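**Student:** Supplied in structure tokens, the structure appears directly below.
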Amino acid sequence: MLWSKAIGAGGTLGGGYLPPNATILASFSSPSVNPNGLTWADGNLISCDNGADTIYIHDGFSSTISSSFSSPSANPSGLAFDGSNLISTDYTSDLIYIHSGLTSSVTSSFSSPSSTPGGLTIANGNLISCDLNAETIYVHDGISSTILTSFPSPGGSTGSPRGLAFDGTNLISCDHIIDRIYVHDGISSTILSSFASPASDPSGLAFDGDNLISCSFASDTIYKHGK
């Protein structure tokens, strides 16, 4: 385990907090045909594709790829960055991998909480993961397999969570069956607001420090949202 902090409380709408919304400020084609996870690291977008089994480091928020490498297993499905190391997950191996920096080298791994892991994010020092078939969001103890708490994803039994991000105040999730993006109240199941995804089958989320970024498995496009 790297470190753990308390699960943070969120902020209600208003009071200076501007949640992301459906307005699209910019977009570009994903590097390959099945984008399936996003994160933001050191000023650059990182995406993964479960058709190409590849992780891509973009040049900022752009379609330009500065480097890429093979994912640890056959179907990468989520990415996060803890400030030092890339973290990825794969729904074929059902493992969560801690990389050495932003490289293909994997220093350690552990089993995901359930059988079909999706998106990842880091919030208040803790890894957060979700599972497409269990319809559940899990808060880990630091970067470890230990689960502090879990709660149902917003889509419930009719949905399937696929992407996660944390904007410094609230968790954001997307559901690739309901085609909706949700702003949670802190790290909880309570939803402050939601809006339709830019295209069907939203498959990944990231936060660049100012704006939400999403991608779609159906449109093969990466989007930057307004707020």
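All residue names refer to the structure tokens as shown: chains lettered A, B, ... in order, residues numbered from 1 in each chain, ligands numbered from 1 in order.
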Using only C-alpha atoms, what table do you get, as CSV, when you list each residue of region 62-132 of chain A with an atom no more than 9 Å from region 165-183 of chain A, its nearest pair of atoms, and their distance in Å rounded to one decimal, rows by chain then rising number?

**Tutor:**
```
residue,atom,partner,partner_atom,distance
A:Ala80,CA,A:Ala165,CA,8.6
A:Gly119,CA,A:Ala165,CA,8.3
A:Leu120,CA,A:Ala165,CA,7.3
A:Thr121,CA,A:Ala165,CA,5.3
A:Ile122,CA,A:Phe166,CA,6.8
A:Ala123,CA,A:Phe166,CA,6.1
A:Asn124,CA,A:Gly168,CA,8.2
A:Ile128,CA,A:Ala165,CA,8.9
A:Leu132,CA,A:Asp175,CA,8.8
```

**Student:** Restrict the calculation to only C-alpha atoms, then for each residue of region 133-224 of chain A with any atom at most 9 Å from an atom of region 17-39 of chain A give the closest atom pair and their distance in Å to one decimal, rows by chain and rising residue number, as a tab-separated table.

**Tutor:**
```
residue	atom	partner	partner_atom	distance
A:Arg162	CA	A:Asn36	CA	8.1
A:Gly163	CA	A:Gly37	CA	6.8
A:Leu164	CA	A:Leu38	CA	8.7
A:Ala165	CA	A:Thr39	CA	7.9
A:Asp167	CA	A:Pro19	CA	8.7
A:Thr169	CA	A:Tyr17	CA	8.5
A:Asn170	CA	A:Pro19	CA	8.7
A:Ile181	CA	A:Ala22	CA	8.8
A:Val183	CA	A:Pro19	CA	7.2
A:Leu192	CA	A:Pro19	CA	9.0
A:Ser193	CA	A:Pro19	CA	8.1
A:Ser194	CA	A:Asn21	CA	7.9
A:Phe195	CA	A:Ala22	CA	6.1
A:Ala196	CA	A:Ala22	CA	6.6
A:Ser197	CA	A:Ala22	CA	6.9
A:Pro198	CA	A:Ala22	CA	6.9
A:Pro202	CA	A:Asn36	CA	8.5
A:Ser203	CA	A:Asn36	CA	5.0
A:Gly204	CA	A:Gly37	CA	4.3
A:Leu205	CA	A:Leu38	CA	5.5
A:Ala206	CA	A:Thr39	CA	4.7
A:Phe207	CA	A:Thr39	CA	7.2
A:Asp208	CA	A:Thr39	CA	8.2
A:Asn211	CA	A:Pro20	CA	6.9
A:Leu212	CA	A:Pro20	CA	6.2
A:Ile213	CA	A:Leu38	CA	8.0
A:Ser214	CA	A:Leu38	CA	7.5
A:Cys215	CA	A:Pro35	CA	6.7
A:Ser216	CA	A:Pro35	CA	6.7
A:Phe217	CA	A:Asn34	CA	5.3
A:Ala218	CA	A:Asn34	CA	7.8
A:Ser219	CA	A:Ser29	CA	8.3
A:Asp220	CA	A:Ser30	CA	5.4
A:Thr221	CA	A:Ser29	CA	4.4
A:Ile222	CA	A:Ser27	CA	5.5
A:Tyr223	CA	A:Ser27	CA	4.4
A:Lys224	CA	A:Ala26	CA	5.3
```

**Student:** Limited to N, CA, C and O atoms, could you put the picked residues into a file as a tab-separated table (two decimals), in the first residue's frame?

**Tutor:**
```
chain	number	residue	atom	x	y	z
A	162	ARG	N	-18.39	2.29	-16.51
A	162	ARG	CA	-17.22	1.98	-17.32
A	162	ARG	C	-16.08	2.98	-17.14
A	162	ARG	O	-14.94	2.67	-17.48
A	163	GLY	N	-16.36	4.19	-16.66
A	163	GLY	CA	-15.31	5.18	-16.50
A	163	GLY	C	-15.46	5.93	-15.19
A	163	GLY	O	-16.58	6.12	-14.70
A	164	LEU	N	-14.31	6.37	-14.63
A	164	LEU	CA	-14.29	7.14	-13.38
A	164	LEU	C	-13.30	8.27	-13.50
A	164	LEU	O	-12.27	8.16	-14.17
A	165	ALA	N	-13.61	9.38	-12.83
A	165	ALA	CA	-12.67	10.49	-12.68
A	165	ALA	C	-12.96	11.16	-11.35
A	165	ALA	O	-14.04	10.97	-10.76
A	167	ASP	N	-12.60	15.15	-9.71
A	167	ASP	CA	-12.27	16.52	-10.08
A	167	ASP	C	-11.72	17.35	-8.92
A	167	ASP	O	-11.64	18.57	-9.00
A	169	THR	N	-13.09	17.45	-6.02
A	169	THR	CA	-14.21	17.61	-5.09
A	169	THR	C	-15.14	16.41	-5.13
A	169	THR	O	-15.50	15.85	-4.11
A	170	ASN	N	-15.50	16.01	-6.33
A	170	ASN	CA	-16.50	14.96	-6.49
A	170	ASN	C	-16.05	13.87	-7.46
A	170	ASN	O	-15.34	14.14	-8.43
A	181	ILE	N	-23.37	10.47	-17.94
A	181	ILE	CA	-22.25	10.82	-17.06
A	181	ILE	C	-22.83	11.42	-15.79
A	181	ILE	O	-23.73	12.28	-15.85
A	183	VAL	N	-22.24	13.17	-11.85
A	183	VAL	CA	-21.42	13.85	-10.86
A	183	VAL	C	-21.94	13.44	-9.48
A	183	VAL	O	-23.08	13.74	-9.13
A	192	LEU	N	-25.31	14.47	-7.67
A	192	LEU	CA	-25.61	15.90	-7.69
A	192	LEU	C	-26.21	16.32	-9.03
A	192	LEU	O	-27.12	17.15	-9.08
A	193	SER	N	-25.67	15.78	-10.11
A	193	SER	CA	-26.17	16.12	-11.44
A	193	SER	C	-25.75	15.03	-12.42
A	193	SER	O	-24.86	14.22	-12.13
A	194	SER	N	-26.39	15.01	-13.58
A	194	SER	CA	-26.01	14.07	-14.63
A	194	SER	C	-26.38	14.65	-15.98
A	194	SER	O	-27.19	15.57	-16.08
A	195	PHE	N	-25.77	14.10	-17.04
A	195	PHE	CA	-26.06	14.57	-18.39
A	195	PHE	C	-25.72	13.47	-19.39
A	195	PHE	O	-24.96	12.54	-19.07
A	196	ALA	N	-26.29	13.58	-20.57
A	196	ALA	CA	-26.06	12.59	-21.61
A	196	ALA	C	-24.62	12.64	-22.08
A	196	ALA	O	-24.03	13.72	-22.22
A	197	SER	N	-24.03	11.48	-22.32
A	197	SER	CA	-22.67	11.43	-22.86
A	197	SER	C	-22.67	11.93	-24.31
A	197	SER	O	-23.71	11.91	-24.98
A	198	PRO	N	-21.53	12.40	-24.82
A	198	PRO	CA	-21.49	12.97	-26.17
A	198	PRO	C	-21.84	11.98	-27.27
A	198	PRO	O	-22.31	12.37	-28.34
A	202	PRO	N	-20.14	5.50	-23.60
A	202	PRO	CA	-19.00	6.19	-22.99
A	202	PRO	C	-18.13	5.19	-22.24
A	202	PRO	O	-18.63	4.36	-21.50
A	203	SER	N	-16.81	5.27	-22.46
A	203	SER	CA	-15.93	4.18	-22.02
A	203	SER	C	-14.75	4.63	-21.17
A	203	SER	O	-13.95	3.79	-20.76
A	204	GLY	N	-14.62	5.92	-20.90
A	204	GLY	CA	-13.52	6.38	-20.07
A	204	GLY	C	-13.69	7.83	-19.69
A	204	GLY	O	-14.32	8.60	-20.42
A	205	LEU	N	-13.13	8.20	-18.52
A	205	LEU	CA	-13.16	9.57	-18.03
A	205	LEU	C	-11.80	9.94	-17.47
A	205	LEU	O	-11.07	9.09	-16.96
A	206	ALA	N	-11.48	11.23	-17.53
A	206	ALA	CA	-10.29	11.78	-16.88
A	206	ALA	C	-10.59	13.23	-16.54
A	206	ALA	O	-11.52	13.84	-17.08
A	207	PHE	N	-9.78	13.81	-15.65
A	207	PHE	CA	-9.89	15.22	-15.30
A	207	PHE	C	-8.52	15.84	-15.41
A	207	PHE	O	-7.55	15.34	-14.84
A	208	ASP	N	-8.41	16.94	-16.19
A	208	ASP	CA	-7.10	17.52	-16.48
A	208	ASP	C	-6.70	18.66	-15.54
A	208	ASP	O	-5.72	19.34	-15.78
A	211	ASN	N	-10.92	20.57	-16.68
A	211	ASN	CA	-12.05	20.06	-17.43
A	211	ASN	C	-12.13	18.54	-17.42
A	211	ASN	O	-11.11	17.85	-17.36
A	212	LEU	N	-13.36	18.05	-17.51
A	212	LEU	CA	-13.59	16.62	-17.68
A	212	LEU	C	-13.27	16.22	-19.11
A	212	LEU	O	-13.56	16.96	-20.06
A	213	ILE	N	-12.68	15.05	-19.27
A	213	ILE	CA	-12.42	14.46	-20.58
A	213	ILE	C	-13.12	13.11	-20.60
A	213	ILE	O	-13.07	12.35	-19.63
A	214	SER	N	-13.79	12.81	-21.71
A	214	SER	CA	-14.45	11.51	-21.85
A	214	SER	C	-14.10	10.90	-23.20
A	214	SER	O	-13.60	11.58	-24.09
A	215	CYS	N	-14.37	9.62	-23.34
A	215	CYS	CA	-14.20	8.96	-24.63
A	215	CYS	C	-15.37	8.02	-24.85
A	215	CYS	O	-16.08	7.64	-23.92
A	216	SER	N	-15.56	7.66	-26.12
A	216	SER	CA	-16.66	6.78	-26.50
A	216	SER	C	-16.14	5.60	-27.29
A	216	SER	O	-15.40	5.76	-28.27
A	217	PHE	N	-16.55	4.42	-26.85
A	217	PHE	CA	-16.22	3.16	-27.53
A	217	PHE	C	-16.90	3.09	-28.89
A	217	PHE	O	-16.41	2.44	-29.82
A	218	ALA	N	-18.07	3.76	-29.02
A	218	ALA	CA	-18.85	3.71	-30.25
A	218	ALA	C	-18.35	4.70	-31.30
A	218	ALA	O	-18.27	4.37	-32.49
A	219	SER	N	-18.00	5.92	-30.87
A	219	SER	CA	-17.59	6.95	-31.82
A	219	SER	C	-16.07	7.00	-32.04
A	219	SER	O	-15.60	7.70	-32.93
A	220	ASP	N	-15.31	6.28	-31.19
A	220	ASP	CA	-13.84	6.29	-31.27
A	220	ASP	C	-13.30	7.72	-31.19
A	220	ASP	O	-12.41	8.12	-31.94
A	221	THR	N	-13.89	8.48	-30.26
A	221	THR	CA	-13.57	9.90	-30.13
A	221	THR	C	-13.32	10.25	-28.68
A	221	THR	O	-13.93	9.68	-27.77
A	222	ILE	N	-12.43	11.21	-28.45
A	222	ILE	CA	-12.11	11.74	-27.12
A	222	ILE	C	-12.61	13.18	-27.06
A	222	ILE	O	-12.37	13.96	-27.99
A	223	TYR	N	-13.31	13.52	-25.98
A	223	TYR	CA	-14.00	14.81	-25.86
A	223	TYR	C	-13.52	15.57	-24.62
A	223	TYR	O	-13.32	14.98	-23.56
A	224	LYS	N	-13.42	16.91	-24.74
A	224	LYS	CA	-13.22	17.78	-23.58
A	224	LYS	C	-14.51	18.53	-23.30
A	224	LYS	O	-15.09	19.16	-24.18
```

**Student:** Can you pull out the residues contacting Thr146 (chain A)? Cut-off 12 Å, using only C-alpha atoms, and skip same-chain residues under 2 positions away; I want them as JSON, numbers by chain.

**Tutor:** {"A": [1, 4, 110, 111, 112, 113, 126, 127, 128, 129, 138, 139, 140, 141, 142, 143, 144, 148, 149, 150]}

**Student:** Write out as JSON, numbers by chain each polymer residue whose atoms come within 7 Å of Ser104 (chain A), counting only C-alpha atoms; drop sequence neighbours fewer than 3 positions from it.

**Tutor:** {"A": [69, 70, 71, 99]}

**Student:** Run DSSP on the backbone and tell me which residues of region 70-182 of chain A come out as strand (DSSP E); list them as number ranges by chain.

**Tutor:** A: 70, 76-81, 86-90, 95-99, 106-111, 117-123, 126-131, 136-140, 147-152, 161-166, 171-175, 180-182

**Student:** Would you list the contacts of Ala74 (chain A) as a list in words, taking every protein, DNA or RNA residue within 8 Å and counting only C-alpha atoms, but skipping same-chain residues closer than 3 positions in sequence?

**Tutor:** Asn50, Asp53, Ser71, Asp90, Thr92 and Ser93 of chain A

**Student:** Do a neighbour search on Ile57 (chain A) at 9 Å with only C-alpha atoms, toss out local chain neighbours closer than 5 positions, and write the hits as a PyMOL selection string.

**Tutor:** chain A and resi 41+44-48+64-69+102

**Student:** Take the residues just selected and output them with N, CA, C and O atoms as a PDB file, in the first residue's frame.

**Tutor:**
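Contents of again-v9.pdb, as written:
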```pdb
ATOM      1  N   ALA A  41      -1.802  12.704 -16.694  1.00  0.00           N
ATOM      2  CA  ALA A  41      -0.553  12.564 -15.942  1.00  0.00           C
ATOM      3  C   ALA A  41       0.483  13.552 -16.455  1.00  0.00           C
ATOM      4  O   ALA A  41       0.797  13.556 -17.660  1.00  0.00           O
ATOM      5  N   ASN A  44      -0.312  15.515 -19.566  1.00  0.00           N
ATOM      6  CA  ASN A  44      -0.633  14.773 -20.790  1.00  0.00           C
ATOM      7  C   ASN A  44      -1.771  13.784 -20.564  1.00  0.00           C
ATOM      8  O   ASN A  44      -1.853  13.140 -19.513  1.00  0.00           O
ATOM      9  N   LEU A  45      -2.621  13.671 -21.563  1.00  0.00           N
ATOM     10  CA  LEU A  45      -3.655  12.651 -21.547  1.00  0.00           C
ATOM     11  C   LEU A  45      -3.027  11.279 -21.809  1.00  0.00           C
ATOM     12  O   LEU A  45      -2.105  11.155 -22.618  1.00  0.00           O
ATOM     13  N   ILE A  46      -3.517  10.261 -21.115  1.00  0.00           N
ATOM     14  CA  ILE A  46      -3.132   8.883 -21.391  1.00  0.00           C
ATOM     15  C   ILE A  46      -4.407   8.111 -21.679  1.00  0.00           C
ATOM     16  O   ILE A  46      -5.407   8.236 -20.949  1.00  0.00           O
ATOM     17  N   SER A  47      -4.400   7.351 -22.755  1.00  0.00           N
ATOM     18  CA  SER A  47      -5.561   6.547 -23.118  1.00  0.00           C
ATOM     19  C   SER A  47      -5.139   5.097 -23.336  1.00  0.00           C
ATOM     20  O   SER A  47      -3.952   4.808 -23.532  1.00  0.00           O
ATOM     21  N   CYS A  48      -6.103   4.197 -23.303  1.00  0.00           N
ATOM     22  CA  CYS A  48      -5.816   2.801 -23.628  1.00  0.00           C
ATOM     23  C   CYS A  48      -6.888   2.285 -24.569  1.00  0.00           C
ATOM     24  O   CYS A  48      -7.999   2.829 -24.638  1.00  0.00           O
ATOM     25  N   THR A  64      -1.914  13.835 -31.058  1.00  0.00           N
ATOM     26  CA  THR A  64      -0.499  13.504 -31.234  1.00  0.00           C
ATOM     27  C   THR A  64      -0.044  12.551 -30.137  1.00  0.00           C
ATOM     28  O   THR A  64      -0.250  12.815 -28.951  1.00  0.00           O
ATOM     29  N   ILE A  65       0.568  11.452 -30.517  1.00  0.00           N
ATOM     30  CA  ILE A  65       1.034  10.439 -29.571  1.00  0.00           C
ATOM     31  C   ILE A  65       2.544  10.566 -29.408  1.00  0.00           C
ATOM     32  O   ILE A  65       3.293  10.431 -30.377  1.00  0.00           O
ATOM     33  N   SER A  66       2.985  10.845 -28.181  1.00  0.00           N
ATOM     34  CA  SER A  66       4.422  10.988 -27.918  1.00  0.00           C
ATOM     35  C   SER A  66       5.087   9.638 -27.696  1.00  0.00           C
ATOM     36  O   SER A  66       6.271   9.467 -28.010  1.00  0.00           O
ATOM     37  N   SER A  67       4.329   8.671 -27.161  1.00  0.00           N
ATOM     38  CA  SER A  67       4.855   7.309 -27.006  1.00  0.00           C
ATOM     39  C   SER A  67       3.699   6.363 -26.734  1.00  0.00           C
ATOM     40  O   SER A  67       2.586   6.783 -26.392  1.00  0.00           O
ATOM     41  N   SER A  68       3.963   5.072 -26.892  1.00  0.00           N
ATOM     42  CA  SER A  68       2.950   4.057 -26.603  1.00  0.00           C
ATOM     43  C   SER A  68       3.642   2.757 -26.233  1.00  0.00           C
ATOM     44  O   SER A  68       4.818   2.555 -26.550  1.00  0.00           O
ATOM     45  N   PHE A  69       2.907   1.868 -25.567  1.00  0.00           N
ATOM     46  CA  PHE A  69       3.455   0.567 -25.201  1.00  0.00           C
ATOM     47  C   PHE A  69       2.319  -0.420 -24.999  1.00  0.00           C
ATOM     48  O   PHE A  69       1.158  -0.032 -24.788  1.00  0.00           O
ATOM     49  N   LEU A 102       5.592   5.962 -16.039  1.00  0.00           N
ATOM     50  CA  LEU A 102       4.696   5.881 -17.192  1.00  0.00           C
ATOM     51  C   LEU A 102       5.310   4.952 -18.232  1.00  0.00           C
ATOM     52  O   LEU A 102       5.609   5.348 -19.360  1.00  0.00           O
TER      53      LEU A 102
END
```

**Student:** CA of Asp94 (chain A) and CA of Ser115 (chain A) are how many Å apart?

**Tutor:**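 Here the two named atoms are 5.8 Å from each other.
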
**Student:** Between CA of Ser88 (chain A) and CA of Ser109 (chain A), what is the distance, to one decimal in Å?

**Tutor:**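 Computed distance, CA of Ser88 (chain A) to CA of Ser109 (chain A), equals 9.4 Å.
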
**Student:** If you measure from CA of Ser108 (chain A) to CA of Leu86 (chain A), what distance in Å do you get, rounded to one decimal?

**Tutor:** 11.5 Å
